[in-house]
Amino acid sequence: MTDIPVDPNEVRLTINGHEVVSTKGEMVIAAAARAGDYIPHFCYHPRMEPVGMCRMCMVDIDGGRGPMLQPACMVPVAPGMKVDTESPGAKRAQEGIIELLLANHPLDCPVCDKGGECPLQDQTFSHGPGESRYVEEKRHYEKPIAISDLVFLDRERCILCDRCTRFADEVAGDALIHFNSRGNDTHITTFPDEPFSSYFSGNTVQICPVGALTATPYRFKARPWDLAQQESTCTTCSVGCRTVVQSSRDELLRYMGVDSDPVNHGWLCDRGRFNFESVKSPDRVLQPLIHDGTEFVPATWSAAITEVAVQLRAARAAGGVNSIAVLGGARGTNEDAYLWSRLAHEVIGTPNVYPQMGDGLPADVLLLDRATIDQAATASTIVLLAPDLKEELPVLYLRLRAAAEKRRSRIIEFTPKHTGLSRYAWRTIGYEPGTQQSVVEKALADPEIAAQIAKGDVVVVAGRANLAETTVATVAALRSVLAAAPGSRVLPAFRRGNVVGALQVGMRPGEGGLDTRSVLQAAADGKIECLVLLGADPLADFPDTDLARRALAGARRIIAIDTFLTQSTQLASVVLAASAYAEKSGTTTNLEGRVTTVAQQVSPAGNTRPDWMIAAELAMELGSDLGYDTIDNVTDDIAWHVPGYEGITAAAIAAATDGIVAGAPTGIAPLAPIANPIGERNSYDFRLVVSRTMYDEAVGTATSPSLAHLATPSMVHLHPLDLGRVGTTEGAAVKVIGSRATVVLHVVADDSVLRGTVWVPFRHSGANVGDLIDCTAAVNDVRIENI
Amino acid sequence: MSRYTWAPGYCDDGDRPQIVTSRFKYDDGYSLERYLATGGYAGLKAALGRTPTEVHDEVKAATILGRGGAGFPAGTKWGLTPQGVFPRYLVVNGDESEPGTYKDRLLMERDPHQLIEGCLIASYAAGLSQCFLYIRGEMALAQERVATALNEAYAAGYIGKNILGTNFSIDIVLHWGAGAYVVGEETALIESLEGNRGMPRLKPPYFPAAIGLYGQPTIVNNVETLSNLPWLLVNGAAAYTAIGTETSPGTRMIAVSGHVKRPGVYEIINGTTTFREVIYGEQFCGGIRDDNELKAFIPGGGSAPWFLPEQLDLPFEAKMVGPAGSMLGSGAIMVMDHTTDIPAMALTLVRFYAHESCGKCVPCREGGTWLMRIMERVVAGRGTQRDLDQLLEIGQTITPGQYPHAASERLGIAAAPFPFKMTTICFVGPSAYNAVDSALTLFPDEFQAKLMKRTSIPVTAVGAGS
């Protein structure tokens, strides 16, 4: 060997006669896959630790002592290694394993959901012996058994590859399924009375190499060869997981995770995976509706657009452009948001445009040095000033959990309630809402934490941990962290699908414009002539329900663009029927600023139209031609005009595998914070903490039958030691008395809640906690009384 | 016959060195009182009087071979642990479950203090932080006696803080297994000890010395190996190596079962004693029952390929047994006389391994059961030649290539030496095939005799015109 490798981690080996350049630590199976030499396997998964169970990847490896049959998933590459994946010995071993695997595997491929995309089926054809000599009776089990509300297990089909169990344990951290019994009787099982209720259970179905795990929404719905598919991006939350959207006969049938290295590693949360049912819901608004004073009457698009234009003109005439407001836009694509912002700012002329629903942070957080998900997941220190990521941004939770589990990062968590990540955090520091700045500053003075921060490479994940307080204290705490750790980056944990994209492309207040809270306040004061709800549902989503209610009652005219008749859109005078996800194409921006494609896979339901098209039509009706005829025109126009999106044209995105990270926006004016004083908590009171959970009454979940029943009723959670203070017991109903209203909720003893606080999940069925929240108060305190 | 109901056939007469079984002659050999009266804890005192390195060197000089089956020198194994990484653990493998092996059980039942002393010496020499004693779940008496002995030793100050007034401190934790053969494999034992499912770990790392229990350096030693240490420290390495041969010094315990007159556990001189002496010697088993003819014997536990009478003169020396096509393994000899139904014997062993497969790798999990099913059919007289071919085919999937077997003059076959290749993680898979291979290779006629006799089925040609 004359040439000395330049990179000390570089390893050169020979696979099937050609030289392959690999890196230290890579397994032979991965190096071979990169070099185009496929080694058959079942248990090996590139995103999980090798386990060497299936023995399918046995190949001849010569590490200097002659060729030996070794499992390629367990042997790391070594310099000068010679690998033969197709030697007679390797072929014999692979055929032998296939024969053994098929010994007990039922040959029910014609009725198996996996048939046609089944690794066992495929590799039986490509690497199997071609016939079975097994004449004995196969193993029998009761089948299928439900291991959770979503997932069924067929233990006869199972080949015990350890993929689902490893995923549950290693990746999701919910080790709720495991092997039971041994030898030939080994089978996967849940623990008694504990279902596999993981937020990530759908991934096990996707990675199962046989049809042993199936999920309710897809069982017996289609055959893989009948599916058409396109790569897309999930917009359920702002993580922006890459997906494949699959349909058959113009009907959405399945989403699958795509392994995008910088984002989701192939994983999806169950909410994002299964909420495609919502798109097919019979409750969709399928055509424009005009309210005739007593009820909604279906209208043609031209009539509806004309009516909207009439109302907008009337509003402008009555109260000027400042009396018109557009709320929402975070549910759609960048193109939808861009055209609506142009319509609002340029055509209508109103500065009152905002996509957040009072559940994020001020938009100027986006001006801070922003981290990517990869940077967060490899940072030395991750500081969390965020909501429960497991509940709100589930796949970001997986990435950060892995960072802590693999000992790459230390997590310092500041939270008003223990979260899914608390188990993995290096330090979890609880705070009572309103006190976070002093708590953070005190923590940063701790020598150990200070030393950790001083190592540099800090990423702060910042979001809204509590909907029952203003953003002031959180923003102040964020500033304190940034002051203590100069040069650290911020990952904004804004939860709404495309909220970052909407804010960046222009859905933000213009000169003197109002944000959502101010718009609702103005509407409640009777100063809003026309309120446009662009996929926004303030009654359900805005934390302060009372203000939302007064606002919708006070607004003279309400125009709604939505996919469903929500609580708020029912109050509209005109409802424009919008196309849903997978019914329109475009681009979306995730929380790190990554711009990726959203694909249209099915025809828009009924007579619906994408938001951007509605905006263009409306502009035309109002006398301005925005000048677009295809979606790519809009994408290219964003690339041309929006700061940070330079060069992100339709062609550039199509060419980029993992999307393109947009630059920082410019010209986001800091909003004036509401500087109400934070009062001391009366010792009889509890400080209210309200946050979201994965399964709530959100439209996408509530209209997906498989997910809807997973939402639990609203409960008030108290620390077990606080139960005695109130004199109540778990399960009892209590009065939760706020400054404005009293609601009755059942009590749950929950030691993830801090003493002196109560936690109520937002937007769950039953009594509405939003009634208790005053969004102008720095914090909200409640009293708990027995009935 | 046996003097002790608890030690079937143990025989201490004859002029043989007794390194580990010296207290077996006492009914109360397990008590601290008897132990101290017979020179107990003298080895520990001798060890504590020297530096750990000196003790380690003494053990290295004695080249005590591991008695668990692999025969790896204990002193060398201790030296494989990385320097300066703490804590580091000693795990005592008391999960003796190889078919035919019951020597460790006796050591734990009859002389638990000797084992404890051995643990203390090893921990001192190798600089270990804590010791875990893993005893097989089924061995109730051994658990009870070891537990009692531990309590006695703690009370007497032999275990715990500042042992015998020195600054050497260690704790011994007793753990009872839940009964699984594969947990005798050291990495599976570590998994089980950690509270996980007893499944072997991936290799590499091949030894837990670097990454073992709780991810820390760990030495796993067999009960018998450690029980040798007290004698060694009292008498010195020179006295130890004077017994046996250069490559196999000292004594070793063997457990004989099957068709011999006096089955039981014997301490024999390593390296020189032959199988013939053990099976036929008057001071050992005293010959085959009813003076029958020897048909075959298994020299090293259920996982070892079988030997024929032609191999009787081989000594207990790994370097000679390996090329002859088998292994010494855990020192269990199973003797079959000429009345033995060879296929049925093989089925018994296959059934054990199929039942004990942990279920991790496919060849063992599926192959073992398939072997068992075919063997059941063959033994029941419903097998065909295809079944016999299939047995060999499954064997090729589990252990590709030539599987070791003994030479047979009768069949005109030469020995196939150790080792064998395997597609499984641990040795349970090949072990399941082992008995089938030996039986089929050495006694093909017996299988042929059991095959289904096809009688010709009368065929009446319907409509053929008559």
# chains A, B, ... in the order shown; residues from 1 in each chain; ligands from 1
call {"tool": "interface_residues", "arguments": {"of": "chain B", "to": "chain A", "cutoff": "9 Å", "atoms": "only C-alpha atoms", "output": "PyMOL selection string"}}
result
chain B and resi 197+201-204+353-370+373-374+390+393-394+396-398+400-401+421-425
call {"tool": "select_by_dssp", "arguments": {"residues": "range 591-684 of chain A", "states": "strand (DSSP E or B)", "output": "MDAnalysis selection string"}}
result
chainID A and resid 594:598 609 660:661
call {"tool": "atom_distance", "arguments": {"atom1": "CA of Leu478 in chain A", "atom2": "CA of Ser238 in chain A"}}
result
20.2 Å
call {"tool": "select_by_dssp", "arguments": {"residues": "range 56-251 of chain B", "states": "helix (DSSP H, G or I)", "output": "PyMOL selection string"}}
result
chain B and resi 56-62+74-78+103-110+112-126+140-155+163-165+181-184+186-193+213-215+223-227+229-242
call {"tool": "atom_distance", "arguments": {"atom1": "CA of Cys43 in chain A", "atom2": "CA of Asp122 in chain A"}}
result
14.9 Å
call {"tool": "residues_around", "arguments": {"residues": "Leu226 in chain B", "least_positions_apart": "6", "cutoff": "9 Å", "atoms": "only C-alpha atoms", "output": "list of chain:residue names"}}
result
B:Gly66, B:Ala74, B:Val92, B:Gln114, B:Leu115, B:Ile116, B:Glu117, B:Gly118, B:Cys119, B:Ile121, B:Ala122
call {"tool": "closest_residue", "arguments": {"among": "A:Ala522, A:Met694, A:Cys237, A:Ala577", "to": "Leu289 in chain A", "atoms": "only C-alpha atoms"}}
result
A:Ala577
call {"tool": "residues_around", "arguments": {"residues": "Pro99 in chain B", "least_positions_apart": "3", "cutoff": "10 Å", "atoms": "only C-alpha atoms", "output": "ChimeraX atom specification"}}
result
/B:96,102,181,257,300-303,330,332-334,349,352-353
call {"tool": "write_last_selection", "arguments": {"atoms": "N, CA and C atoms", "output": "mmCIF file, in the first residue's frame"}}
result
data_model
loop_
_atom_site.group_PDB
_atom_site.id
_atom_site.type_symbol
_atom_site.label_atom_id
_atom_site.label_comp_id
_atom_site.auth_asym_id
_atom_site.auth_seq_id
_atom_site.Cartn_x
_atom_site.Cartn_y
_atom_site.Cartn_z
ATOM 1 N N GLU B 96 -24.358 -23.483 36.244
ATOM 2 C CA GLU B 96 -23.909 -24.721 35.618
ATOM 3 C C GLU B 96 -25.107 -25.475 35.067
ATOM 4 N N TYR B 102 -22.361 -31.553 36.845
ATOM 5 C CA TYR B 102 -22.881 -31.177 38.167
ATOM 6 C C TYR B 102 -21.757 -31.018 39.171
ATOM 7 N N TYR B 181 -30.535 -22.269 30.233
ATOM 8 C CA TYR B 181 -29.241 -22.838 29.853
ATOM 9 C C TYR B 181 -28.307 -21.778 29.292
ATOM 10 N N SER B 257 -21.807 -39.640 34.141
ATOM 11 C CA SER B 257 -23.183 -40.117 34.235
ATOM 12 C C SER B 257 -23.398 -41.169 33.161
ATOM 13 N N GLY B 300 -17.269 -34.285 26.968
ATOM 14 C CA GLY B 300 -17.237 -32.951 27.591
ATOM 15 C C GLY B 300 -18.584 -32.290 27.703
ATOM 16 N N GLY B 301 -19.610 -32.995 28.128
ATOM 17 C CA GLY B 301 -20.923 -32.389 28.245
ATOM 18 C C GLY B 301 -21.726 -32.564 26.968
ATOM 19 N N GLY B 302 -23.020 -32.259 27.069
ATOM 20 C CA GLY B 302 -23.943 -32.503 25.967
ATOM 21 C C GLY B 302 -23.579 -31.806 24.676
ATOM 22 N N SER B 303 -22.740 -30.781 24.740
ATOM 23 C CA SER B 303 -22.394 -30.038 23.535
ATOM 24 C C SER B 303 -21.190 -30.623 22.812
ATOM 25 N N SER B 330 -17.042 -28.901 29.750
ATOM 26 C CA SER B 330 -17.254 -28.669 31.173
ATOM 27 C C SER B 330 -16.875 -29.884 32.008
ATOM 28 N N ALA B 332 -17.922 -33.194 31.678
ATOM 29 C CA ALA B 332 -18.992 -34.145 31.962
ATOM 30 C C ALA B 332 -18.883 -35.303 30.984
ATOM 31 N N ILE B 333 -18.793 -36.494 31.524
ATOM 32 C CA ILE B 333 -18.712 -37.669 30.661
ATOM 33 C C ILE B 333 -20.036 -38.396 30.734
ATOM 34 N N MET B 334 -20.600 -38.656 29.560
ATOM 35 C CA MET B 334 -21.830 -39.433 29.524
ATOM 36 C C MET B 334 -21.531 -40.730 28.801
ATOM 37 N N LEU B 349 -31.024 -35.135 23.612
ATOM 38 C CA LEU B 349 -30.158 -33.962 23.676
ATOM 39 C C LEU B 349 -30.694 -32.826 22.809
ATOM 40 N N PHE B 352 -33.431 -30.960 24.479
ATOM 41 C CA PHE B 352 -32.939 -30.036 25.497
ATOM 42 C C PHE B 352 -32.511 -28.713 24.856
ATOM 43 N N TYR B 353 -31.695 -28.779 23.809
ATOM 44 C CA TYR B 353 -31.174 -27.536 23.222
ATOM 45 C C TYR B 353 -32.269 -26.737 22.522
#
call {"tool": "decode", "arguments": {"residues": "range 352-370 of chain B", "atoms": "N, CA and C atoms", "output": "PDB file, in the first residue's frame"}}
result
ATOM      1  N   PHE B 352     -33.431 -30.960  24.479  1.00  0.00           N
ATOM      2  CA  PHE B 352     -32.939 -30.036  25.497  1.00  0.00           C
ATOM      3  C   PHE B 352     -32.511 -28.713  24.856  1.00  0.00           C
ATOM      4  N   TYR B 353     -31.695 -28.779  23.809  1.00  0.00           N
ATOM      5  CA  TYR B 353     -31.174 -27.536  23.222  1.00  0.00           C
ATOM      6  C   TYR B 353     -32.269 -26.737  22.522  1.00  0.00           C
ATOM      7  N   ALA B 354     -33.211 -27.454  21.895  1.00  0.00           N
ATOM      8  CA  ALA B 354     -34.310 -26.731  21.241  1.00  0.00           C
ATOM      9  C   ALA B 354     -35.129 -25.979  22.297  1.00  0.00           C
ATOM     10  N   HIS B 355     -35.298 -26.613  23.445  1.00  0.00           N
ATOM     11  CA  HIS B 355     -36.071 -25.977  24.504  1.00  0.00           C
ATOM     12  C   HIS B 355     -35.315 -24.820  25.121  1.00  0.00           C
ATOM     13  N   GLU B 356     -33.977 -24.932  25.152  1.00  0.00           N
ATOM     14  CA  GLU B 356     -33.185 -23.919  25.838  1.00  0.00           C
ATOM     15  C   GLU B 356     -32.716 -22.792  24.926  1.00  0.00           C
ATOM     16  N   SER B 357     -32.978 -22.876  23.632  1.00  0.00           N
ATOM     17  CA  SER B 357     -32.606 -21.779  22.740  1.00  0.00           C
ATOM     18  C   SER B 357     -33.249 -20.484  23.237  1.00  0.00           C
ATOM     19  N   CYS B 358     -32.489 -19.418  23.272  1.00  0.00           N
ATOM     20  CA  CYS B 358     -33.059 -18.179  23.807  1.00  0.00           C
ATOM     21  C   CYS B 358     -33.992 -17.524  22.811  1.00  0.00           C
ATOM     22  N   GLY B 359     -33.893 -17.900  21.547  1.00  0.00           N
ATOM     23  CA  GLY B 359     -34.779 -17.323  20.543  1.00  0.00           C
ATOM     24  C   GLY B 359     -34.191 -16.141  19.834  1.00  0.00           C
ATOM     25  N   LYS B 360     -32.922 -15.865  20.053  1.00  0.00           N
ATOM     26  CA  LYS B 360     -32.349 -14.670  19.437  1.00  0.00           C
ATOM     27  C   LYS B 360     -31.980 -14.922  17.974  1.00  0.00           C
ATOM     28  N   CYS B 361     -31.101 -15.862  17.703  1.00  0.00           N
ATOM     29  CA  CYS B 361     -30.754 -16.041  16.284  1.00  0.00           C
ATOM     30  C   CYS B 361     -31.603 -17.114  15.627  1.00  0.00           C
ATOM     31  N   VAL B 362     -31.880 -16.840  14.369  1.00  0.00           N
ATOM     32  CA  VAL B 362     -32.788 -17.693  13.608  1.00  0.00           C
ATOM     33  C   VAL B 362     -32.302 -19.139  13.493  1.00  0.00           C
ATOM     34  N   PRO B 363     -31.023 -19.405  13.177  1.00  0.00           N
ATOM     35  CA  PRO B 363     -30.628 -20.800  12.967  1.00  0.00           C
ATOM     36  C   PRO B 363     -30.905 -21.666  14.186  1.00  0.00           C
ATOM     37  N   CYS B 364     -30.664 -21.124  15.362  1.00  0.00           N
ATOM     38  CA  CYS B 364     -30.859 -21.882  16.590  1.00  0.00           C
ATOM     39  C   CYS B 364     -32.342 -21.975  16.910  1.00  0.00           C
ATOM     40  N   ARG B 365     -33.050 -20.858  16.819  1.00  0.00           N
ATOM     41  CA  ARG B 365     -34.459 -20.821  17.201  1.00  0.00           C
ATOM     42  C   ARG B 365     -35.301 -21.716  16.297  1.00  0.00           C
ATOM     43  N   GLU B 366     -35.151 -21.533  14.996  1.00  0.00           N
ATOM     44  CA  GLU B 366     -35.979 -22.293  14.063  1.00  0.00           C
ATOM     45  C   GLU B 366     -35.350 -23.644  13.764  1.00  0.00           C
ATOM     46  N   GLY B 367     -34.002 -23.629  13.586  1.00  0.00           N
ATOM     47  CA  GLY B 367     -33.320 -24.860  13.220  1.00  0.00           C
ATOM     48  C   GLY B 367     -33.375 -25.899  14.318  1.00  0.00           C
ATOM     49  N   GLY B 368     -33.179 -25.474  15.559  1.00  0.00           N
ATOM     50  CA  GLY B 368     -33.176 -26.408  16.681  1.00  0.00           C
ATOM     51  C   GLY B 368     -34.501 -27.140  16.785  1.00  0.00           C
ATOM     52  N   THR B 369     -35.591 -26.389  16.673  1.00  0.00           N
ATOM     53  CA  THR B 369     -36.902 -27.013  16.786  1.00  0.00           C
ATOM     54  C   THR B 369     -37.175 -27.929  15.593  1.00  0.00           C
ATOM     55  N   TRP B 370     -36.718 -27.494  14.435  1.00  0.00           N
ATOM     56  CA  TRP B 370     -36.933 -28.322  13.252  1.00  0.00           C
ATOM     57  C   TRP B 370     -36.164 -29.649  13.383  1.00  0.00           C
TER      58      TRP B 370
END
